[in-house]
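Below is one structure; the comments refer to it alone.
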Amino acid sequence: MQTLNDLFLIVSGLLRGAMGSWGFAPGLTDAIMALVSFVAIAALVTVNIIVILWVDRRFAAFFQERLGPNRVGPFGLLQSINDAVKLIGKESIMPAAVDKRVYKFAPVLIFTVTIVLYGFLPYGKGLAPIDMGAGLLFFVAVSSTSTIAILMAGWGSNNKYSLLGGMRTVAQVISYEIPLAFSMIGVVMLSGSMNLGSISAAQHTLWNIILQPIAFFVFIVASLAELTRSPFDMTEAEQELIAGYHTEYSGMRFALFFMAEYANLFSVAALGATLFLGGWEGPLLPGYLWFIGKTWAMVLVILWLRWSFPRARVDKMMKFNWKVLIPLSIANILLTGVGIKLYQYFSTVGR
Amino acid sequence: MREGAREIAVSAAELVATMAALKALGDFILFDIVAVDRPERYELTYRLLDRGGEGRVGFFTVRVSAEKSGADEPSLPSLVGVWKAADVLEREVWDLMGIRFEGRAGLKRILCMDDFEGHPLRKDFVVRRTPRFAEAQEGGRP
Amino acid sequence: MSDTLETQEYSLNLGPQHPSTHGVYHARLRLDGETIVSCENVIGYLHRGMEKLAESRTYAQFAPFTSRFDYLSGALNTWGYAMALEKLGGVAVPERAEYLRVIVGELQRIASHLVMLASMVIDLNAVTGWMYAFTAREGILDLLEAVTGSRMTINYIVAGGVIEDLPSEFESKVKRTFEDLRSRLADFDRLVSGNEIFQGRTKGIGVIESGTALEFGMTGPNLRASGVGLDLRKDAPYSVYDRIDFEVPILRGGDTFDRYYIHLLEIHQSVRIVEQALDGLPSGPLRTKLPKAWKPAAGEAFGTIESTRGIQGYHIVSDGSERPYRMHLRSPAFANIAIVPEIAPGLTIQDFVATLASLDIVLGEIDR
């Protein structure tokens with residue numbers, strides 16, 4: 001059991017041991033191991049996107065009494081791969097009037113940010129590729145840089161619809177970052193750490209979703225806005241802005257935006273699972289399986305919301321943020337602080 | 001009037017005053033304008049929807065003629081000041097039949113493209129390939 | 001530098017290639033941020049010159065063209081055209097044919113209203129509601145296909161009657177389909193109408209006062225959602241509508257939500273009408289045959305019908321030959337769309353899209 005739980009650690013230990021015995025310098029070993037992690041993450045991102053896309057389609061089809069893709073491969077599992085190959089093969093059209101450097105760089109940037117985020121996730125005990133003391137803070141900081149990429153795409157496309165989409169994104173993502181960060185503070189206060197591994201470990205007895213239901217609600221809503229997923233997908237609103245910031249993108253450049261969206265879906269769901277559902281903590285099964293399972297539960301909730309709700313209105317959404325979510329998340333911090341002090345008081349009195 | 005004739009004919013000069021008086025009765029809305037190209041004149045039929053009269057809805061017709069006088073475009077007074085619905089209806093008549101409505105702004109084509117030549121519903125309009133497409137087919141891009 | 005930010009108006013072409021313009025409608029917007037300052041309608045992209053085409057075809061030859069006007073309710077268009085011709089030539093229609101016309105016409109109305117509901121909710125990105133409505137429509141289209149042979153451009157109603165009788169076991173098919181339709185509509189209603197976000201997007205948005213609506217010559221569900229109960233089926237009954245018991249739903253708000261909701265209510269009334277018409281279906285001939293080269297006496301006729309989007313009028317002028325001297329369609333959607341520049345200022349792009357969807361335009365009918 002323990003062997004299975006530490007499978008990846010053992011493999012990595014063996015690799016390091018082998019490189020040591022071949023006489024590699026410690027720096028070189030570290031570099032090679034970093035490369036291995038990177039390849040592993042890149043593979044995970046790619047496989048994840050393909051699976052999420054397939055699940056999204058089949059899940060939506062299930063909601064809407066239809067079949068969904070079921071032709072390519074068993075249960076249509078290879079449909080996403082088919083689409084990816086198709087997008088790679090397509091011409092990447094660049095309109096004449098775009099700001100070329102900005103236009104070309106935006107998809108690269110957004111996908112880079114996405115991959116970096118995967119590096120911070122604690123996939124299991126001791127299984128975080130980048131294990132930082134302030135991992136949570138860094139995660140939030142890095143994830144907000146994708147705003148820049150979207151604004152670059154919106155501005156660089158030289159299209160009014162794209163610009164409107166880009167502007168909406170900036171307003172939306174920056175505003176919703178506040179309640180998102182605030183909702184995490186309660187969790188940080190409870191576990192006394194910003195390290196994602198420690199946060200998972202601190203939920204050994206009780207998941208944070210029970211102690212922090214308000215924070216969980218705020219987190220789900222704010223992360224939907226951060227992800228620009230429905231009902232807060234005004235930034236790409238195909239019915240109003242004709243896909244918003246990526247209107248002018250095609251071929252592989254478009255695919256990068258598209259994949260980044262789904263990849264971000266997974267990483268934010270993983271963050272939610274870590275913060276509120278105990279991450280890799282769980283009995284019997286190896287930690288990484290618990291982690292993946294909980295993340296998928298979060299992903300399905302987000303997809304479920306996507307297929308149930310219409311799109312909200314921009315101004316109402318902003319009002320909701322400033323008038324409901326932010327006060328709520330601040331109240332939650334206050335409540336958590338009082339709760340922690342009370343708990344400490346009574347546990348000392350009881351002793 | 002409701003019990004009497006459902007149709008009146010007026011001269012162009014009386015048109016606006018008649019319509020304004022009908023509108024003041026309260027139950028009429030401007031429903032449609034049809035122009036017919038007769039050999040010697042254009043006949044215009046203004047159709048009003050009459051919502052009054054004990055739950056029975058009917059139509060009331062006002063007929064006007066615009067004489068064809070040489071090469072000039074025939075013209076009639078505009079009803080835009082009476083009913084806002086007249087705006088698009090008059091533009092349609094102008095576009096397809098070439099009757100000019102006086103006393104209003106923005107009388108331009110509505111269904112045909114802006115650089116279309118002629119008024120297609122006139123009987124002397126020759127249906128043929130438009131020069132634009134003919135040119136494109138003969139090799140040169142327009 | 002001044003203290004206030006300078007803002008600049010800009011123009012945006014919404015359409016003719018835009019997913020939410022329901023065809024090739026083109027709105028030239030002036031925007032301040034996302035708020036519309038002014039709006040100009042640009043239509044005519046789908047102008048096919050139908051009225052001119054009619055002048056070079058016989059009366060019977062032109063009938064199939066009419067189902068391409070409002071392509072979502074083709075059967076009602078051909079019905080309106082047929083009624084105008086019958087008025088023109090004084091043709092009597094057998095009673096059974098009148099009942100069959102009511103059945104097909106109301107089925108067509110249900111199908112068209114379902115498209116309206118579906119496209120309305122998809123414009124607000126409620127994708128699942130869209131699928132529900134379209135799946136329900138599929139059942140109705142199957143019924144229409146069983147009777148008329150075609151799904152979209154139905155050419156079943158002709159001057160003098162209808163062309164075919166009902167297929168066998170049609171009544172039981174209708175029964176099954178309507179059961180399915182009712183349960184789907186209930187699902188749809190629960191999923192969409194009661195949704196907080198949906199109501200937030202539609203209630204109080206794009207309000208059209210009854211006075212404004214009448215001023216612009218609006219008719220149909222859009223007018224009835226503004227509180228004016230004008231329905232030719234009730235107020236000037238044609239065909240056999242005076243023998244059928246149904247209500248005309250009227251809502252007072254005049255906003256996007258009411259225009260959406262009235263379509264849902266009307267579907268239920270249409271279901272009632274079809275059921276009653278099937279119960280009261282008399283036996284008898286289907287059609288008064290007209291000669292191939294039918295030449296009505298010189299004169300003119302104006303036939304009107306309560307179509308899906310309002311009152312359609314067919315003005316036909318005959319000169320005694322076998323071709324119409326002039327054929328004119330009074331299109332309800334043409335009047336409904338004319339109101340857009342009036343109500344657009346002050347709306348945001350998002351509201352504009354919702355309002356446009358609620359007006360339920362069909363460009364085939366507007367541009368003719």
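Scheme for the structure tokens: letters A, B, ... for chains in order shown; per-chain residue numbers from 1; ligand numbers from 1 in order shown.
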>> Using only C-alpha atoms, which protein or nucleic acid residues come within 6 Å of stretch 25-29 of chain C? Drop anything in the same chain fewer than 2 positions from it, and give the result as JSON, numbers by chain.
In response: {"C": [11, 12, 13, 14, 15, 16, 21, 23, 38, 39, 40, 41, 42, 43]}
>> Write out as JSON, numbers by chain the set of residues from stretch 19-97 of chain B that DSSP, computed on the backbone, places in helix (DSSP H, G or I).
In response: {"B": [19, 20, 21, 22, 23, 24, 86, 87, 88, 89, 90, 91, 92, 93, 94, 95, 96, 97]}
Given the selection you just returned, output its residues as a file containing C-alpha atoms, formatted as a compact mmCIF listing (two decimals), in the first residue's frame.
```txt
# COMPACT_ATOMS: atom_id res chain seq x y z
CA MET B 19 -54.81 60.59 -41.94
CA ALA B 20 -54.30 62.89 -38.99
CA ALA B 21 -58.08 63.08 -38.56
CA LEU B 22 -58.36 59.29 -38.74
CA LYS B 23 -55.59 58.89 -36.22
CA ALA B 24 -57.31 61.29 -33.87
CA ALA B 86 -44.84 55.27 -42.12
CA ASP B 87 -41.06 55.67 -42.06
CA VAL B 88 -40.06 52.19 -43.23
CA LEU B 89 -43.19 51.70 -45.33
CA GLU B 90 -42.50 54.87 -47.32
CA ARG B 91 -38.87 53.95 -47.71
CA GLU B 92 -39.97 50.62 -49.12
CA VAL B 93 -42.33 52.27 -51.62
CA TRP B 94 -39.59 54.69 -52.64
CA ASP B 95 -37.08 51.91 -53.03
CA LEU B 96 -39.21 49.52 -55.03
CA MET B 97 -41.62 51.86 -56.86
```
> Counting only C-alpha atoms, what is within 10 Å of B:Arg38, bar same-chain residues fewer than 6 positions away, as a PyMOL selection string?
Replying inline: (chain B and resi 65+67-68+122-123) or (chain C and resi 325)
>> I need the contact residues of chain A against chain C, so if you could list those with any atom within 12 Å, counting only C-alpha atoms, and return them as a PyMOL selection string, that would help.
In response: chain A and resi 59-66+159-165+167-168+229-243+247+304-317+320
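The neighbours of B:Glu43 here are the residues that come within 9 Å of it, using only C-alpha atoms and leaving out any residue fewer than 2 positions away in the same chain; they are Val34, Ala35, Val36, Asp37, Arg38, Arg41, Thr45, Arg63, Val64, Ser65, Ala66 and Glu67 of chain B.
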> Got a sec: who's within 12 Å of C:Arg57, counting only C-alpha atoms, leaving out chain neighbours fewer than 2 positions off, as an MDAnalysis selection string?
Replying inline: chainID C and resid 50:55 59:65 293:294 321:327
> So, counting only C-alpha atoms, which residue among C:Ser150, C:Ser239, C:Ser307, C:Ser226 is closest to C:Tyr261?
Replying inline: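 Nearest candidate to C:Tyr261 out of C:Ser150, C:Ser239, C:Ser307, C:Ser226: C:Ser226.
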>> Show me, as a ChimeraX atom specification, the residues of chain C whose atoms get within 9 Å of chain B, using only C-alpha atoms for the distance check.
In response: /C:42-47,49,51-52,212,214-218,230-232,234-237,313,315,317,325-326,328-331,334-335,338-339,366-368
> Rounded to one decimal in Å, what is the spacing between atom CA of C:Thr78 and atom CA of C:Ile316?
Replying inline: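 Between atom CA of C:Thr78 and atom CA of C:Ile316 the gap works out to 13.7 Å.
For the pair atom CA of C:Val362 and atom CA of C:Ser112, the separation is 10.3 Å.
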>> Report as JSON, numbers by chain all protein, DNA and RNA residues lying within 8 Å of B:Leu76, evaluated on only C-alpha atoms, omitting residues in the same chain fewer than 6 positions from it.
In response: {"B": [12, 66, 99, 100, 101, 102]}
Those same residues - N, CA and C atoms - I'd like them written as a PDB file, in the first residue's frame.
```pdb
ATOM      1  N   ALA B  12     -53.887  63.900 -53.167  1.00  0.00           N
ATOM      2  CA  ALA B  12     -52.608  63.978 -52.471  1.00  0.00           C
ATOM      3  C   ALA B  12     -52.578  65.126 -51.477  1.00  0.00           C
ATOM      4  N   ALA B  66     -50.767  59.025 -57.569  1.00  0.00           N
ATOM      5  CA  ALA B  66     -49.675  59.927 -57.926  1.00  0.00           C
ATOM      6  C   ALA B  66     -49.552  59.880 -59.443  1.00  0.00           C
ATOM      7  N   ILE B  99     -41.501  56.284 -55.723  1.00  0.00           N
ATOM      8  CA  ILE B  99     -42.362  57.427 -55.435  1.00  0.00           C
ATOM      9  C   ILE B  99     -41.736  58.213 -54.293  1.00  0.00           C
ATOM     10  N   ARG B 100     -41.545  59.503 -54.565  1.00  0.00           N
ATOM     11  CA  ARG B 100     -40.843  60.327 -53.589  1.00  0.00           C
ATOM     12  C   ARG B 100     -41.848  60.847 -52.560  1.00  0.00           C
ATOM     13  N   PHE B 101     -41.475  60.785 -51.304  1.00  0.00           N
ATOM     14  CA  PHE B 101     -42.340  61.321 -50.257  1.00  0.00           C
ATOM     15  C   PHE B 101     -41.744  62.633 -49.764  1.00  0.00           C
ATOM     16  N   GLU B 102     -42.547  63.684 -49.836  1.00  0.00           N
ATOM     17  CA  GLU B 102     -42.047  65.016 -49.492  1.00  0.00           C
ATOM     18  C   GLU B 102     -42.259  65.281 -48.003  1.00  0.00           C
TER      19      GLU B 102
END
```
>> If I take atom CA of A:Ala149 and atom CA of A:Val98, how far is one from the other in Å, to one decimal?
In response: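 Atom-to-atom, atom CA of A:Ala149 to atom CA of A:Val98, that is 15.1 Å.
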> Could you pull the residues within 8 Å of C:Tyr81, counting only C-alpha atoms, minus those fewer than 3 positions along the same chain, as a list in words?
Replying inline: Ala63, Thr66, Asn77, Thr78, Ala84, Leu85, Ala159, Gly303 and Tyr314 of chain C
